[in-house]
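Let me begin by presenting the structure, written as structure tokens, before commenting on it.
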Amino acid sequence: MDIALAATMVRDSNNRVLLIGPEPHLVAALESAGFEVVTMDADADLYALVDRLCPHAILLGADSPSRDTLEHLATLNRRHPQPALLLQGVANPELSQQALALGISAYVTEGLSPAAIRSLIEVSIAHAQQVHGLRRELARKQKSLAERKQIDAAKRVLWKEHGMSEDAAYQALKNHAMHKRCSIAEAARRLLESKSE
Amino acid sequence: MKMVRVGYLPLTDALPLLYARQKGFDEQQGIHLNLVSMASWAQLRDALLTGQIDAAHCLPGIPLATQAGIYGAVPRLATAFTLNHSGNTITVRADLVDHTQPRPQLLSSAFSRRPPERPLTFASVFPVSKHNFEMRYWLHTQGIRTDDVQLQVLPPPSLAAALSAERIDGFCAGEPWGSVAQRLGAGQIMSHSRTLGLPATEKVLAVREEWLDSAEHCALLRCLHASCHELDTMRNRQRGAVLLADTLGLGIADIRPALFNEGVFASAGTGEHFLSFAGVNRPDRRHGVWLLVQMFNERGDDLRPAMDSPADIGQRTFRSDIYDAVLGTHN
């Protein structure tokens, strides 16, 4: 057992969260919300781990295969974290449902106050939303980069085959796009396709 | 065409769903199946309860647990269709078994010779699964007291590795995971659902209670009935085996034994499939009641507040009346 972990157990501050899977940013977010966080690999022996750490809550991916093991641990001992979605009264089912839709499942104990449970799930929802937002932004940037490359390739074709200047080639693509009611990238794609046929 | 989202776990008995989609039985009934692969029974249960999916290839224990109140105040699930009978193996660590002649009665002495660094440990797949009770039953037949062993739940794709690493001594899981462990040399299949002979309902099509009467559910029942019927013949099972191998990312050799009564499954009996899809689809409430009694016995005091009798809960969960209304009173 490492020193930080031992210190956590001595303090026994009733807000120890076991986080399964690699989520470095979520660790920081949870810690700044006042939680003690222990992280573990998905293939760790959860039976030994949960017995040793007595976590007050466990967070993991909604699609983690380890969830059925946690369901079993929940039936073995009421002090083990229980699936938050099913815990009426203690947890907030709507909030848990929202977390689940974002790909996080939470298991919580009655040792955690309702306010702490709420904050735990809210922090993970905010984190997941941020991750989803970043992924969308990345996908958007990748798409626009690919489109720009396509437009450049089409301009080169127009320059080589029709002796157009760069500006004239761009204007030709723009006119074509307006005429066909599509984007300039789409007009470029069609031009390149017609050349490769 | 109406989209119907159906969850499943990567198991041989998910075949009726995969086969129905491949053959277009869904579109013949005016629906389009969107099949969603799930990583755990917990994920599948939650997706069903929260409406992320409409229906699921499901352990019968899950709808029974919602009706018995085991999961608290959640939407109630029910089933009007049994997908298959039988499908699990008891697989034991290969190094504990004499490969030339695996004789079960020698096992308990093999187990007792083990170094006592940890208790005997066996795995099944979910708390309310029949696998849990098949595992316990088999241990009893071997003269091993379940009080003396540690029973765990592990994800089936990790079972072969758990045997190799000597984290567990055996498991009960649905095919193909027993065959996979055997092919890898990690395990030896010692018994299976047919030889154990417990009530055979294995997976059901589970839905939210209010969805039972929907046109989509009726179409889904007709579509799966056609699929199960076709999977009764060897030629169609051959196609099914290829489809399963592709979907699960496994070799055909892992899929074949359970579908064609090969190897250890030859003892399933002549003329009867080890894993049957046809002729078993009408929900059999007696199997549900049996499973509930096992669940109640295991949990003891936990279930006292649930005053309903297993017979009542079984009737609410296993809706043969819906099956009869859609498909007629035959199987």
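Here's how to read the names in the structure tokens: chain A, B, ... by the order shown, residue numbers from 1 in each chain, ligand numbers from 1 in the order shown.
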
Do me a favour and pick out the residues of chain A within 8 Å of chain B, using only C-alpha atoms, as a short mmCIF file (atom, residue, chain, number, x, y, z; two decimals) with N, CA and C atoms, in the first residue's frame.
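Result file is out.cif:
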data_model
loop_
_atom_site.label_atom_id
_atom_site.label_comp_id
_atom_site.auth_asym_id
_atom_site.auth_seq_id
_atom_site.Cartn_x
_atom_site.Cartn_y
_atom_site.Cartn_z
N ALA A 62 -19.67 3.22 -18.26
CA ALA A 62 -20.92 2.47 -18.31
C ALA A 62 -20.73 1.17 -19.10
N ASP A 63 -19.73 1.15 -20.00
CA ASP A 63 -19.50 -0.04 -20.81
C ASP A 63 -18.30 -0.85 -20.32
N SER A 64 -17.94 -0.68 -19.05
CA SER A 64 -16.84 -1.47 -18.50
C SER A 64 -17.33 -2.88 -18.17
N PRO A 65 -16.63 -3.94 -18.61
CA PRO A 65 -17.05 -5.31 -18.31
C PRO A 65 -17.03 -5.60 -16.81
N SER A 66 -16.27 -4.82 -16.03
CA SER A 66 -16.16 -5.08 -14.58
C SER A 66 -17.45 -4.79 -13.83
N ARG A 67 -18.44 -4.20 -14.48
CA ARG A 67 -19.65 -3.81 -13.75
C ARG A 67 -20.38 -4.99 -13.12
N ASP A 68 -20.37 -6.15 -13.78
CA ASP A 68 -21.10 -7.29 -13.20
C ASP A 68 -20.44 -7.76 -11.90
N THR A 69 -19.12 -7.61 -11.81
CA THR A 69 -18.42 -7.93 -10.57
C THR A 69 -18.86 -6.96 -9.47
N GLU A 71 -21.73 -5.45 -9.30
CA GLU A 71 -23.11 -5.82 -8.95
C GLU A 71 -23.09 -6.95 -7.92
N HIS A 72 -22.15 -7.91 -8.11
CA HIS A 72 -22.05 -9.03 -7.17
C HIS A 72 -21.56 -8.54 -5.81
N THR A 75 -24.24 -7.16 -3.74
CA THR A 75 -25.16 -8.11 -3.09
C THR A 75 -24.49 -8.79 -1.89
N LEU A 85 -28.06 4.11 -9.95
CA LEU A 85 -29.30 4.23 -10.73
C LEU A 85 -30.48 3.59 -10.01
N LEU A 86 -30.19 2.53 -9.22
CA LEU A 86 -31.26 1.76 -8.59
C LEU A 86 -31.56 2.23 -7.17
N LEU A 87 -30.75 3.19 -6.67
CA LEU A 87 -30.89 3.60 -5.27
C LEU A 87 -31.83 4.79 -5.13
N GLN A 88 -33.11 4.52 -4.94
CA GLN A 88 -34.07 5.59 -4.73
C GLN A 88 -33.83 6.21 -3.36
N GLN A 97 -29.08 8.77 -14.34
CA GLN A 97 -29.49 8.44 -15.70
C GLN A 97 -28.74 9.31 -16.70
#

(request) Find the residues around Trp211 (chain B) up to 10 Å (only C-alpha atoms counted), leave out those fewer than 4 positions away in its own chain, and share them as a PyMOL selection string. (result) chain B and resi 54-55+77-78+207+215-218

Output C-alpha atoms for every residue in that selection, as a compact mmCIF listing (two decimals), in the first residue's frame.
# COMPACT_ATOMS: atom_id res chain seq x y z
CA ASP B 54 -36.36 -1.34 -26.50
CA ALA B 55 -35.63 -5.02 -25.88
CA LEU B 77 -39.57 -5.78 -17.12
CA ALA B 78 -41.25 -8.88 -18.53
CA VAL B 207 -38.82 -5.67 -22.56
CA ALA B 215 -46.90 -3.30 -32.62
CA GLU B 216 -43.09 -3.32 -32.69
CA HIS B 217 -42.92 -5.97 -29.97
CA CYS B 218 -45.43 -8.18 -31.80

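Every protein or nucleic acid residue with an atom no more than 12 Å from region 158-169 of chain A, counting only C-alpha atoms and leaving out same-chain residues fewer than 4 positions away, appears here: Ile151, Asp152, Ala153, Ala154, Leu173, Lys174, Asn175, His176, Ile184, Ala187, Ala188, Leu191, Leu192 and Lys195 of chain A.
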
Write a file of the selected residues as a CSV table (one decimal), in the first residue's frame, keeping C-alpha atoms.
chain,number,residue,atom,x,y,z
A,151,ILE,CA,-10.2,22.2,-52.2
A,152,ASP,CA,-6.4,22.7,-52.7
A,153,ALA,CA,-6.2,19.4,-54.7
A,154,ALA,CA,-9.1,20.6,-56.9
A,173,LEU,CA,-15.2,26.1,-57.6
A,174,LYS,CA,-17.3,28.7,-55.8
A,175,ASN,CA,-19.5,29.3,-58.8
A,176,HIS,CA,-20.0,25.6,-59.4
A,184,ILE,CA,-17.2,24.3,-52.0
A,187,ALA,CA,-17.8,20.7,-55.4
A,188,ALA,CA,-14.0,20.0,-55.0
A,191,LEU,CA,-14.4,17.4,-59.4
A,192,LEU,CA,-11.7,15.1,-58.1
A,195,LYS,CA,-11.0,13.0,-62.7

(request) Please measure the separation of CA of Asp321 (chain B) and CA of Arg285 (chain B), giving the value in Å to one decimal. (result) 11.0 Å

(request) Write out as a ChimeraX atom specification the residues lying within 8 Å of region 173-185 of chain B, counting only C-alpha atoms and excluding same-chain residues fewer than 3 positions away. (result) /B:11-13,87-91,94,124-125,131,156-157,159-160,188-189,254-255,257-258

(message) Which residues are near Leu26 (chain A)? Cut-off 9 Å, only C-alpha atoms, ignore same chain within fewer than 4 positions. Put them as a ChimeraX atom specification.
(response) /A:19,30-31,123-124,127-128

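The gap separating CA of Gly187 (chain B) from CA of Arg256 (chain B) is 17.4 Å, in Å to one decimal.
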
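Going from CA of Cys172 (chain B) over to CA of His192 (chain B), you cover 8.5 Å.
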
(message) Among region 143-245 of chain B, which residues does DSSP mark as strand (DSSP E or B) when it is run on the backbone? Keep the chain and numbering as in the structure and answer as a list in words.
(response) Gln150, Leu151, Gln152, Val153, Gly170, Phe171, Cys172, Ala173, Gly174, Gly187, Gln188, Ile189, Met190, Ser191, His192, Thr201, Glu202, Lys203, Val204, Leu205, Ala206, Val207 and Arg208 of chain B

(request) Any chance you could list, as number ranges by chain, the residues in region 9-148 of chain B that come up alpha helix (DSSP H) when DSSP is run on the backbone? (result) B: 15-23, 25-28, 41-49, 61-68, 107-112, 130-141

Convert the current residue selection to file output with C-alpha atoms, as a PDB file, in the first residue's frame.
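Below you can see result_19.pdb, which holds the result:
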ATOM      1  CA  LEU B  15     -27.725 -16.009 -32.489  1.00  0.00           C
ATOM      2  CA  PRO B  16     -31.508 -15.754 -33.130  1.00  0.00           C
ATOM      3  CA  LEU B  17     -31.186 -11.937 -33.129  1.00  0.00           C
ATOM      4  CA  LEU B  18     -28.091 -11.808 -35.346  1.00  0.00           C
ATOM      5  CA  TYR B  19     -29.566 -14.367 -37.742  1.00  0.00           C
ATOM      6  CA  ALA B  20     -32.923 -12.538 -37.985  1.00  0.00           C
ATOM      7  CA  ARG B  21     -31.110  -9.336 -38.995  1.00  0.00           C
ATOM      8  CA  GLN B  22     -28.871 -11.101 -41.530  1.00  0.00           C
ATOM      9  CA  LYS B  23     -31.812 -12.868 -43.178  1.00  0.00           C
ATOM     10  CA  PHE B  25     -36.741 -11.365 -41.068  1.00  0.00           C
ATOM     11  CA  ASP B  26     -37.084  -8.021 -39.281  1.00  0.00           C
ATOM     12  CA  GLU B  27     -37.890  -6.086 -42.456  1.00  0.00           C
ATOM     13  CA  GLN B  28     -40.361  -8.781 -43.518  1.00  0.00           C
ATOM     14  CA  TRP B  41     -25.488  -7.555 -17.845  1.00  0.00           C
ATOM     15  CA  ALA B  42     -25.547  -4.442 -15.649  1.00  0.00           C
ATOM     16  CA  GLN B  43     -25.112  -2.224 -18.708  1.00  0.00           C
ATOM     17  CA  LEU B  44     -27.822  -4.123 -20.581  1.00  0.00           C
ATOM     18  CA  ARG B  45     -30.245  -3.937 -17.617  1.00  0.00           C
ATOM     19  CA  ASP B  46     -29.708  -0.189 -17.171  1.00  0.00           C
ATOM     20  CA  ALA B  47     -30.109   0.474 -20.911  1.00  0.00           C
ATOM     21  CA  LEU B  48     -33.425  -1.418 -20.829  1.00  0.00           C
ATOM     22  CA  LEU B  49     -34.638   0.355 -17.660  1.00  0.00           C
ATOM     23  CA  GLY B  61     -33.339 -13.412 -13.569  1.00  0.00           C
ATOM     24  CA  ILE B  62     -33.227  -9.717 -14.525  1.00  0.00           C
ATOM     25  CA  PRO B  63     -36.941  -9.220 -15.400  1.00  0.00           C
ATOM     26  CA  LEU B  64     -37.827 -11.486 -12.445  1.00  0.00           C
ATOM     27  CA  ALA B  65     -35.719  -9.287 -10.132  1.00  0.00           C
ATOM     28  CA  THR B  66     -37.513  -6.097 -11.277  1.00  0.00           C
ATOM     29  CA  GLN B  67     -40.903  -7.738 -10.623  1.00  0.00           C
ATOM     30  CA  ALA B  68     -39.806  -9.124  -7.238  1.00  0.00           C
ATOM     31  CA  LEU B 107     -12.207 -33.820  -8.808  1.00  0.00           C
ATOM     32  CA  SER B 108     -12.969 -33.215  -5.168  1.00  0.00           C
ATOM     33  CA  SER B 109      -9.842 -35.142  -4.190  1.00  0.00           C
ATOM     34  CA  ALA B 110      -7.855 -33.140  -6.765  1.00  0.00           C
ATOM     35  CA  PHE B 111      -9.255 -29.953  -5.221  1.00  0.00           C
ATOM     36  CA  SER B 112      -8.383 -31.104  -1.709  1.00  0.00           C
ATOM     37  CA  LYS B 130     -29.040 -19.330 -13.483  1.00  0.00           C
ATOM     38  CA  HIS B 131     -25.268 -19.859 -13.915  1.00  0.00           C
ATOM     39  CA  ASN B 132     -24.821 -19.030 -10.235  1.00  0.00           C
ATOM     40  CA  PHE B 133     -27.210 -21.836  -9.262  1.00  0.00           C
ATOM     41  CA  GLU B 134     -25.842 -24.294 -11.848  1.00  0.00           C
ATOM     42  CA  MET B 135     -22.385 -23.655 -10.385  1.00  0.00           C
ATOM     43  CA  ARG B 136     -23.614 -24.316  -6.822  1.00  0.00           C
ATOM     44  CA  TYR B 137     -25.568 -27.398  -7.911  1.00  0.00           C
ATOM     45  CA  TRP B 138     -22.540 -28.882  -9.684  1.00  0.00           C
ATOM     46  CA  LEU B 139     -20.335 -28.242  -6.639  1.00  0.00           C
ATOM     47  CA  HIS B 140     -22.884 -30.170  -4.520  1.00  0.00           C
ATOM     48  CA  THR B 141     -22.768 -33.089  -6.969  1.00  0.00           C
TER      49      THR B 141
END

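Closest approach to Leu275 (chain B) from the set B:Glu117, B:Glu262, B:Glu209, B:Asp95 is made by B:Glu262, with distances taken over only C-alpha atoms.
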
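All residues of protein, DNA or RNA that reach within 7 Å of Phe35 (chain A), judged by only C-alpha atoms and not counting those fewer than 5 positions away in the chain, are Asn15, Arg16, Val17 and Leu30 of chain A.
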
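Nearest to Ala80 (chain B) of all the residues B:Gly328, B:Gly249, B:Gly7, B:Pro283 is B:Pro283, counting only C-alpha atoms.
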